[in-house]
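Undergrad: Data: structure.txt, compact mmCIF, C-alpha atoms and all ligand atoms.
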```txt
# COMPACT_ATOMS: atom_id res chain seq x y z
CA MET A 1 -1.96 18.73 17.43
CA ASP A 2 -4.01 21.00 15.19
CA TYR A 3 -4.11 19.54 11.70
CA THR A 4 -6.19 20.87 8.85
CA ILE A 5 -6.97 19.61 5.37
CA ARG A 6 -8.02 22.59 3.29
CA PRO A 7 -7.87 24.03 -0.23
CA MET A 8 -4.43 25.32 -1.14
CA GLN A 9 -3.98 29.10 -1.33
CA ASP A 10 -1.44 31.38 -2.99
CA SER A 11 0.23 31.94 0.38
CA ASP A 12 1.02 28.18 0.54
CA ILE A 13 2.92 28.13 -2.77
CA THR A 14 6.40 28.82 -1.39
CA GLN A 15 6.12 25.91 1.06
CA ALA A 16 4.50 23.71 -1.58
CA ILE A 17 7.51 24.22 -3.87
CA GLU A 18 9.85 23.43 -0.96
CA LEU A 19 7.85 20.27 -0.26
CA ASP A 20 7.91 19.29 -3.94
CA HIS A 21 11.72 19.43 -3.97
CA GLU A 22 11.83 17.36 -0.80
CA ALA A 23 9.36 14.68 -1.93
CA TYR A 24 10.55 14.43 -5.55
CA PRO A 25 14.31 15.11 -5.29
CA SER A 26 15.19 13.75 -8.74
CA GLN A 27 12.31 15.33 -10.62
CA TRP A 28 13.05 18.03 -13.17
CA PRO A 29 11.72 20.60 -13.74
CA HIS A 30 10.09 21.45 -10.41
CA PRO A 31 7.08 23.77 -10.35
CA THR A 32 7.83 27.48 -10.09
CA TYR A 33 5.82 30.05 -8.19
CA ALA A 34 4.21 31.14 -11.47
CA SER A 35 3.35 27.62 -12.63
CA PHE A 36 1.85 26.71 -9.25
CA LYS A 37 -0.18 29.89 -9.21
CA GLN A 38 -1.47 29.15 -12.70
CA GLU A 39 -2.50 25.66 -11.53
CA LEU A 40 -4.31 27.05 -8.48
CA HIS A 41 -6.32 29.41 -10.64
CA ASN A 42 -7.14 26.81 -13.29
CA ARG A 43 -10.79 25.85 -12.85
CA LEU A 44 -10.08 22.25 -13.87
CA ALA A 45 -7.39 21.84 -11.20
CA HIS A 46 -7.95 21.32 -7.47
CA TYR A 47 -5.23 21.41 -4.84
CA ILE A 48 -5.43 20.69 -1.13
CA VAL A 49 -2.89 20.86 1.66
CA ALA A 50 -2.45 19.13 5.00
CA SER A 51 -1.19 21.75 7.42
CA LYS A 52 -0.31 22.09 11.05
CA LYS A 53 -1.09 25.34 12.84
CA ASN A 54 1.31 27.24 15.05
CA GLU A 55 4.33 25.50 13.63
CA THR A 56 6.89 26.65 11.10
CA GLU A 57 9.41 23.82 11.31
CA PRO A 58 9.11 20.07 11.93
CA ALA A 59 9.07 19.41 15.67
CA THR A 60 9.56 15.67 15.37
CA GLY A 61 10.12 13.07 12.72
CA LYS A 62 12.80 11.52 10.59
CA GLN A 63 14.44 14.82 9.63
CA ASP A 64 16.59 16.79 12.05
CA ALA A 65 14.49 19.85 12.84
CA GLY A 66 17.50 22.16 12.84
CA SER A 67 19.11 21.05 9.60
CA LYS A 68 18.02 22.45 6.27
CA SER A 69 19.01 20.67 3.09
CA PHE A 70 21.04 22.35 0.37
CA TRP A 71 18.01 22.95 -1.85
CA GLN A 72 15.97 24.39 1.05
CA ARG A 73 18.71 26.99 1.58
CA LEU A 74 18.88 27.57 -2.17
CA LEU A 75 15.11 28.08 -2.36
CA GLN A 76 15.26 30.66 0.40
CA LEU A 77 17.94 32.52 -1.53
CA LYS A 78 16.09 32.09 -4.81
CA HIS A 79 12.99 33.61 -3.20
CA LEU A 80 14.89 36.89 -2.94
CA PHE A 81 15.54 36.90 -6.67
CA ASP A 82 12.37 35.25 -7.90
CA HIS A 83 11.19 36.39 -11.31
CA ASP A 84 7.63 36.86 -10.04
CA ARG A 85 8.81 39.19 -7.35
CA PHE A 86 10.46 41.58 -9.72
CA PHE A 87 8.66 41.21 -13.04
CA GLY A 88 5.22 39.97 -12.06
CA GLU A 89 2.80 40.08 -9.23
CA GLU A 90 4.14 40.49 -5.70
CA MET A 91 4.07 37.25 -3.71
CA PRO A 92 1.66 37.17 -0.76
CA PRO A 93 3.26 36.68 2.66
CA PRO A 94 3.94 32.98 3.24
CA SER A 95 1.36 30.95 5.16
CA LYS A 96 1.73 30.92 8.96
CA GLU A 97 0.82 27.25 8.99
CA TYR A 98 3.37 24.54 8.36
CA ILE A 99 2.42 22.66 5.18
CA LEU A 100 2.96 18.93 5.71
CA GLY A 101 1.45 17.57 2.52
CA VAL A 102 0.10 18.66 -0.85
CA ALA A 103 -2.21 16.85 -3.23
CA GLY A 104 -3.77 17.89 -6.49
CA PHE A 105 -5.87 16.62 -9.32
CA TRP A 106 -7.35 17.58 -12.64
CA THR A 107 -10.94 16.99 -13.64
CA MET A 108 -11.18 15.49 -17.13
CA VAL A 109 -14.81 14.82 -18.15
CA ASP A 110 -15.82 11.94 -15.84
CA GLU A 111 -12.28 11.28 -14.62
CA ILE A 112 -10.23 12.75 -11.77
CA HIS A 113 -6.51 12.52 -12.56
CA ILE A 114 -4.24 12.90 -9.55
CA THR A 115 -1.21 15.06 -10.41
CA THR A 116 0.54 14.89 -7.05
CA ILE A 117 0.34 13.52 -3.52
CA ALA A 118 3.39 14.38 -1.47
CA VAL A 119 4.18 14.50 2.23
CA ARG A 120 7.25 16.08 3.83
CA ASN A 121 9.88 13.45 4.58
CA ALA A 122 9.72 14.10 8.33
CA TYR A 123 5.97 13.48 8.38
CA GLN A 124 5.72 10.39 6.18
CA GLN A 125 4.21 7.15 7.51
CA GLN A 126 1.95 9.10 9.89
CA GLY A 127 -1.29 8.70 7.93
CA ILE A 128 -1.11 12.07 6.12
CA GLY A 129 -0.72 10.73 2.55
CA GLU A 130 -3.70 8.44 3.11
CA ARG A 131 -5.70 11.34 4.61
CA LEU A 132 -5.03 13.38 1.44
CA LEU A 133 -6.06 10.47 -0.81
CA ILE A 134 -9.28 10.01 1.17
CA SER A 135 -10.07 13.71 0.70
CA ILE A 136 -9.43 13.46 -3.05
CA ILE A 137 -11.72 10.44 -3.43
CA ASP A 138 -14.43 12.22 -1.43
CA MET A 139 -14.04 15.31 -3.63
CA ALA A 140 -14.10 13.13 -6.77
CA ALA A 141 -17.46 11.67 -5.67
CA GLN A 142 -18.81 15.16 -4.95
CA LEU A 143 -17.73 16.24 -8.45
CA ASN A 144 -19.61 13.24 -9.91
CA ALA A 145 -16.43 11.69 -11.29
CA ARG A 146 -16.62 8.07 -12.37
CA ILE A 147 -13.01 7.02 -11.84
CA VAL A 148 -9.77 8.30 -10.28
CA THR A 149 -6.52 7.76 -12.18
CA LEU A 150 -2.83 8.57 -11.72
CA GLU A 151 0.68 7.80 -12.90
CA VAL A 152 3.31 6.41 -10.55
CA ARG A 153 6.95 5.40 -11.04
CA VAL A 154 7.39 1.64 -11.37
CA SER A 155 9.99 1.86 -8.57
CA ASN A 156 7.72 3.80 -6.16
CA LYS A 157 6.50 0.84 -4.16
CA GLN A 158 5.30 2.83 -1.11
CA ALA A 159 3.01 5.02 -3.22
CA GLN A 160 1.78 1.95 -5.14
CA ALA A 161 0.98 0.26 -1.80
CA LEU A 162 -1.14 3.27 -0.81
CA TYR A 163 -3.01 3.26 -4.12
CA LYS A 164 -3.56 -0.52 -4.13
CA LYS A 165 -4.96 -0.28 -0.59
CA TYR A 166 -7.64 2.04 -2.05
CA GLY A 167 -8.47 -0.26 -4.95
CA PHE A 168 -6.33 1.28 -7.68
CA GLN A 169 -5.24 -1.27 -10.27
CA GLN A 170 -2.76 -1.10 -13.11
CA ALA A 171 -4.57 0.17 -16.21
CA GLY A 172 -1.58 0.61 -18.50
CA MET A 173 2.08 1.53 -18.77
CA ARG A 174 3.70 4.73 -20.03
CA PRO A 175 7.21 3.82 -21.22
CA ARG A 176 10.02 6.28 -20.31
CA TYR A 177 7.45 8.69 -18.86
CA TYR A 178 9.83 10.39 -16.40
CA SER A 179 12.38 12.61 -18.10
CA ASP A 180 14.91 12.66 -15.22
CA ASN A 181 15.85 8.96 -15.51
CA GLY A 182 13.67 7.60 -18.31
CA GLU A 183 11.68 5.50 -15.84
CA ASP A 184 8.37 3.94 -16.89
CA ALA A 185 5.11 5.00 -15.27
CA LEU A 186 2.30 2.70 -14.25
CA LEU A 187 -1.08 4.13 -15.10
CA MET A 188 -3.41 3.17 -12.24
CA SER A 189 -7.16 3.54 -12.00
CA THR A 190 -10.00 2.86 -9.59
CA ASP A 191 -13.21 1.08 -10.53
CA THR A 192 -16.33 3.22 -10.63
CA ILE A 193 -16.10 5.15 -7.37
CA THR A 194 -19.84 5.38 -6.89
CA SER A 195 -20.30 1.60 -7.14
CA ALA A 196 -21.56 -0.12 -3.99
CA PHE A 197 -18.47 -2.34 -3.96
CA PHE A 198 -15.99 0.56 -4.13
CA GLN A 199 -17.91 2.65 -1.62
CA SER A 200 -18.22 -0.09 1.00
CA HIS A 201 -14.46 -0.79 0.76
CA PHE A 202 -13.67 2.95 0.82
CA GLN A 203 -15.94 3.76 3.77
CA GLN A 204 -14.42 0.89 5.75
CA LEU A 205 -10.86 2.11 5.02
CA LYS A 206 -11.86 5.67 5.92
CA GLN A 207 -13.32 4.54 9.23
CA ASN A 208 -10.19 2.50 10.02
CA HIS A 209 -8.04 5.52 9.18
CA GLN A 210 -10.09 7.85 11.40
CA GLN A 211 -9.74 5.44 14.32
CA ARG A 212 -6.01 4.93 13.80
CA TRP A 213 -5.07 8.59 13.18
CA ARG A 214 -7.62 10.51 15.29
CA GLU A 215 -5.51 13.66 15.56
CA LEU A 216 -5.69 14.19 11.78
CA TYR A 217 -9.46 14.68 12.04
CA ILE A 218 -9.57 17.59 14.49
CA ASN A 219 -10.29 19.91 11.57
CA LYS A 220 -11.96 18.92 8.31
CA ILE A 221 -12.16 20.61 4.92
C1 LIG B 301 3.55 8.14 -1.11
C2 LIG B 301 3.37 9.07 0.08
C3 LIG B 301 2.49 10.25 -0.35
C4 LIG B 301 2.65 8.32 1.20
O1 LIG B 301 2.36 9.22 2.24
P1 LIG B 301 2.52 8.84 3.77
O2 LIG B 301 1.94 9.93 4.58
O3 LIG B 301 3.93 8.48 4.07
O4 LIG B 301 1.65 7.50 3.86
P2 LIG B 301 0.68 7.03 5.04
O5 LIG B 301 1.40 7.10 6.34
O6 LIG B 301 -0.61 7.74 4.94
O7 LIG B 301 0.50 5.48 4.65
C5 LIG B 301 -0.65 5.05 3.94
C6 LIG B 301 -0.33 3.76 3.21
O8 LIG B 301 0.69 3.98 2.24
C7 LIG B 301 1.53 2.82 2.14
N1 LIG B 301 2.87 3.18 2.57
C8 LIG B 301 3.28 4.39 3.04
N2 LIG B 301 4.60 4.35 3.29
C9 LIG B 301 5.04 3.12 2.97
C10 LIG B 301 6.31 2.47 3.00
N3 LIG B 301 7.40 3.13 3.41
N4 LIG B 301 6.39 1.20 2.59
C11 LIG B 301 5.29 0.54 2.15
N5 LIG B 301 4.05 1.08 2.10
C12 LIG B 301 3.93 2.36 2.50
C13 LIG B 301 0.89 1.78 3.05
O9 LIG B 301 -0.06 1.07 2.28
C14 LIG B 301 0.19 2.64 4.08
O10 LIG B 301 -0.88 1.97 4.71
P3 LIG B 301 -0.61 1.12 6.07
O11 LIG B 301 -0.11 2.12 7.07
O12 LIG B 301 -1.96 0.58 6.41
O13 LIG B 301 0.42 0.09 5.70
C15 LIG B 301 4.73 9.56 0.63
O14 LIG B 301 5.57 8.42 0.79
C16 LIG B 301 5.45 10.57 -0.25
O15 LIG B 301 5.20 11.77 -0.14
N6 LIG B 301 6.35 10.11 -1.11
C17 LIG B 301 7.13 11.01 -1.97
C18 LIG B 301 6.26 11.58 -3.07
C19 LIG B 301 5.62 10.50 -3.90
O16 LIG B 301 6.29 9.57 -4.33
N7 LIG B 301 4.30 10.65 -4.17
C20 LIG B 301 3.56 9.74 -5.01
C21 LIG B 301 3.65 10.17 -6.42
S1 LIG B 301 2.71 9.09 -7.49
```
Show the structure stored in the file as structure tokens.
TA:
Amino acid sequence: MDYTIRPMQDSDITQAIELDHEAYPSQWPHPTYASFKQELHNRLAHYIVASKKNETEPATGKQDAGSKSFWQRLLQLKHLFDHDRFFGEEMPPPSKEYILGVAGFWTMVDEIHITTIAVRNAYQQQGIGERLLISIIDMAAQLNARIVTLEVRVSNKQAQALYKKYGFQQAGMRPRYYSDNGEDALLMSTDTITSAFFQSHFQQLKQNHQQRWRELYINKI
């Protein structure tokens, strides 16, 4: 396997939108090509992708490789009529790599606020979400951030399990935060990421992850 974690590029946007629909099926609105592009070029925002080279469709996993969902077909059609294509800048050719996961964050003074971590359904529970979170925490330390924060649906127990594993704790509640179903969000935060306590826990988790999911470390950022 040839996996890479790397900064997201304009040519990844089409797949990132597809992935967003897959990972957050009930969310509305979804990002558009233009909104994603604006994010990528915002100096306060940072986006990374987990990709697999020489692959355009899932070879294995939970999802049937041959079957495309309704929205995937719709997105392909929509691409033909996309506003950006006709009234704005021409889209670059889509990436030749298969994008398995996307993560992004905003820098806000001494805080890194995660805006998304999402993995394609067929590739979940294979260490990729954790690999993306590790990269974000490493980047946060490089950017001299003090803490990492995020919002998560109260019902999203798998994501909460990932965050708790990395020392995130509930720091507050945002009532009716999600407009699709009025669900509350938990605001979660790390302790100071440069503290000796956080770093020793983090480095241990990172080492465990590298040993368990060796193939994800063939290429690094
Ligand atoms: C949350 C998400 C990013 C996790 O990614 P993933 O690649 O499936 O997760 P990993 O395989 O790296 O698992 C890492 C940890 O996450 C937790 N986890 C992942 N899937 C889980 C599940 N189904 N049930 C319980 N815990 C789970 C576990 O703590 C796991 O560690 P472990 O293997 O030591 O138990 C993924 O489920 C996803 O994309 N969900 C849809 C989008 C989403 O909800 N994003 C979060 C928005 S706040």
Undergrad: Grab the CA of Ala23 (chain A) to CA of Gly129 (chain A) distance for me, in Å with one decimal place.
TA: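 Rounded to one decimal, the two atoms are 11.7 Å apart.
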Undergrad: Rank nothing, just name the residue among A:Met173, A:Leu143, A:Leu162, A:Leu40 nearest to Glu130 (chain A), using all atoms listed in the file.
TA: A:Leu162
Undergrad: Do you have the CA of Arg174 (chain A)-atom P3 of ligand LIG 301 (chain B) distance handy?
TA: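 Going from CA of Arg174 (chain A) over to atom P3 of ligand LIG 301 (chain B) covers 26.7 Å.
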Undergrad: Rounded to one decimal place, report the CA of His30 (chain A)-CA of Ala16 (chain A) distance in Å.
TA: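 Rounded to one decimal, the two atoms are 10.7 Å apart.
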Undergrad: Centre and edge lengths, as JSON, for the axis-aligned box enclosing every listed atom of ligand LIG 301 (chain B) with 5 Å of padding on each of the six sides, in Å to one decimal?
TA:
```
{"center_x": 2.7, "center_y": 5.9, "center_z": -0.2, "size_x": 19.4, "size_y": 21.7, "size_z": 24.6}
```
Undergrad: Would you please work out which residue, of A:Val49, A:Met188, A:Leu216, A:Val148, is nearest to Gln126 (chain A) when using all atoms listed in the file?
TA: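 Among the listed residues, the smallest separation from Gln126 (chain A) belongs to A:Leu216.
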Undergrad: Within 6 Å of ligand LIG 301 (chain B), counting all atoms listed in the file, which protein or nucleic acid residues do you find, written as a list in words?
TA: Ala23, Tyr24, Thr116, Ile117, Ala118, Val119, Gln124, Gln125, Gln126, Gly127, Ile128, Gly129, Glu130, Glu151, Val152, Gln158, Ala159, Ala161, Leu162 and Lys165 of chain A
Undergrad: Within 10 Å of region 197-213 of chain A, counting all atoms listed in the file, which residues qualify if same-chain residues fewer than 4 places away don't, as a tab-separated table (two decimals) with C-alpha atoms, keeping the file's coordinate frame?
TA:
```
chain	number	residue	atom	x	y	z
A	126	GLN	CA	1.95	9.10	9.89
A	127	GLY	CA	-1.29	8.70	7.93
A	128	ILE	CA	-1.11	12.07	6.12
A	130	GLU	CA	-3.70	8.44	3.11
A	131	ARG	CA	-5.70	11.34	4.61
A	134	ILE	CA	-9.28	10.01	1.17
A	135	SER	CA	-10.07	13.71	0.70
A	137	ILE	CA	-11.72	10.44	-3.43
A	138	ASP	CA	-14.43	12.22	-1.43
A	141	ALA	CA	-17.46	11.67	-5.67
A	165	LYS	CA	-4.96	-0.28	-0.59
A	166	TYR	CA	-7.64	2.04	-2.05
A	167	GLY	CA	-8.47	-0.26	-4.95
A	190	THR	CA	-10.00	2.86	-9.59
A	191	ASP	CA	-13.21	1.08	-10.53
A	192	THR	CA	-16.33	3.22	-10.63
A	193	ILE	CA	-16.10	5.15	-7.37
A	217	TYR	CA	-9.46	14.68	12.04
```
Undergrad: For Trp28 (chain A), find every residue with an atom within 9 Å (counting only C-alpha atoms), except residues of its own chain fewer than 3 positions away, and show them as a list in words.
TA: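 Within the cut-off, the hits are Tyr24, Pro25, Pro31, Tyr178, Ser179 and Asp180 of chain A.
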Undergrad: Dump as a ChimeraX atom specification all residues having an atom at most 7 Å from (0.9, 1.5, -17.8), computed in the file's coordinates with all atoms listed in the file.
TA: /A:170-174,185-187
Undergrad: Which is closer to Asn181 (chain A) than all the others in A:Val154, A:Gln169, A:Thr194, A:Lys53, using all atoms listed in the file?
TA: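 Residue with the minimum atom-to-atom distance to Asn181 (chain A): A:Val154.
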Undergrad: Mind checking which residues fall within 10 Å of Lys37 (chain A), counting only C-alpha atoms, ignoring those fewer than 5 positions away in the same chain, and posting them as a PyMOL selection string?
TA: chain A and resi 9-13+31-32+42
Undergrad: Quick one: residues within 12 Å of region 4-8 of chain A, all atoms listed in the file counted, chain neighbours fewer than 6 positions away excluded, as an MDAnalysis selection string?
TA: chainID A and resid 14:16 36:37 39:41 45:54 95 97:105 128:136 139 215:221
Undergrad: I'd like the contact shell of Ala145 (chain A) - 7 Å cut-off, only C-alpha atoms, skipping same-chain residues fewer than 4 positions apart - returned as number ranges by chain.
TA: A: 110-112, 140-141
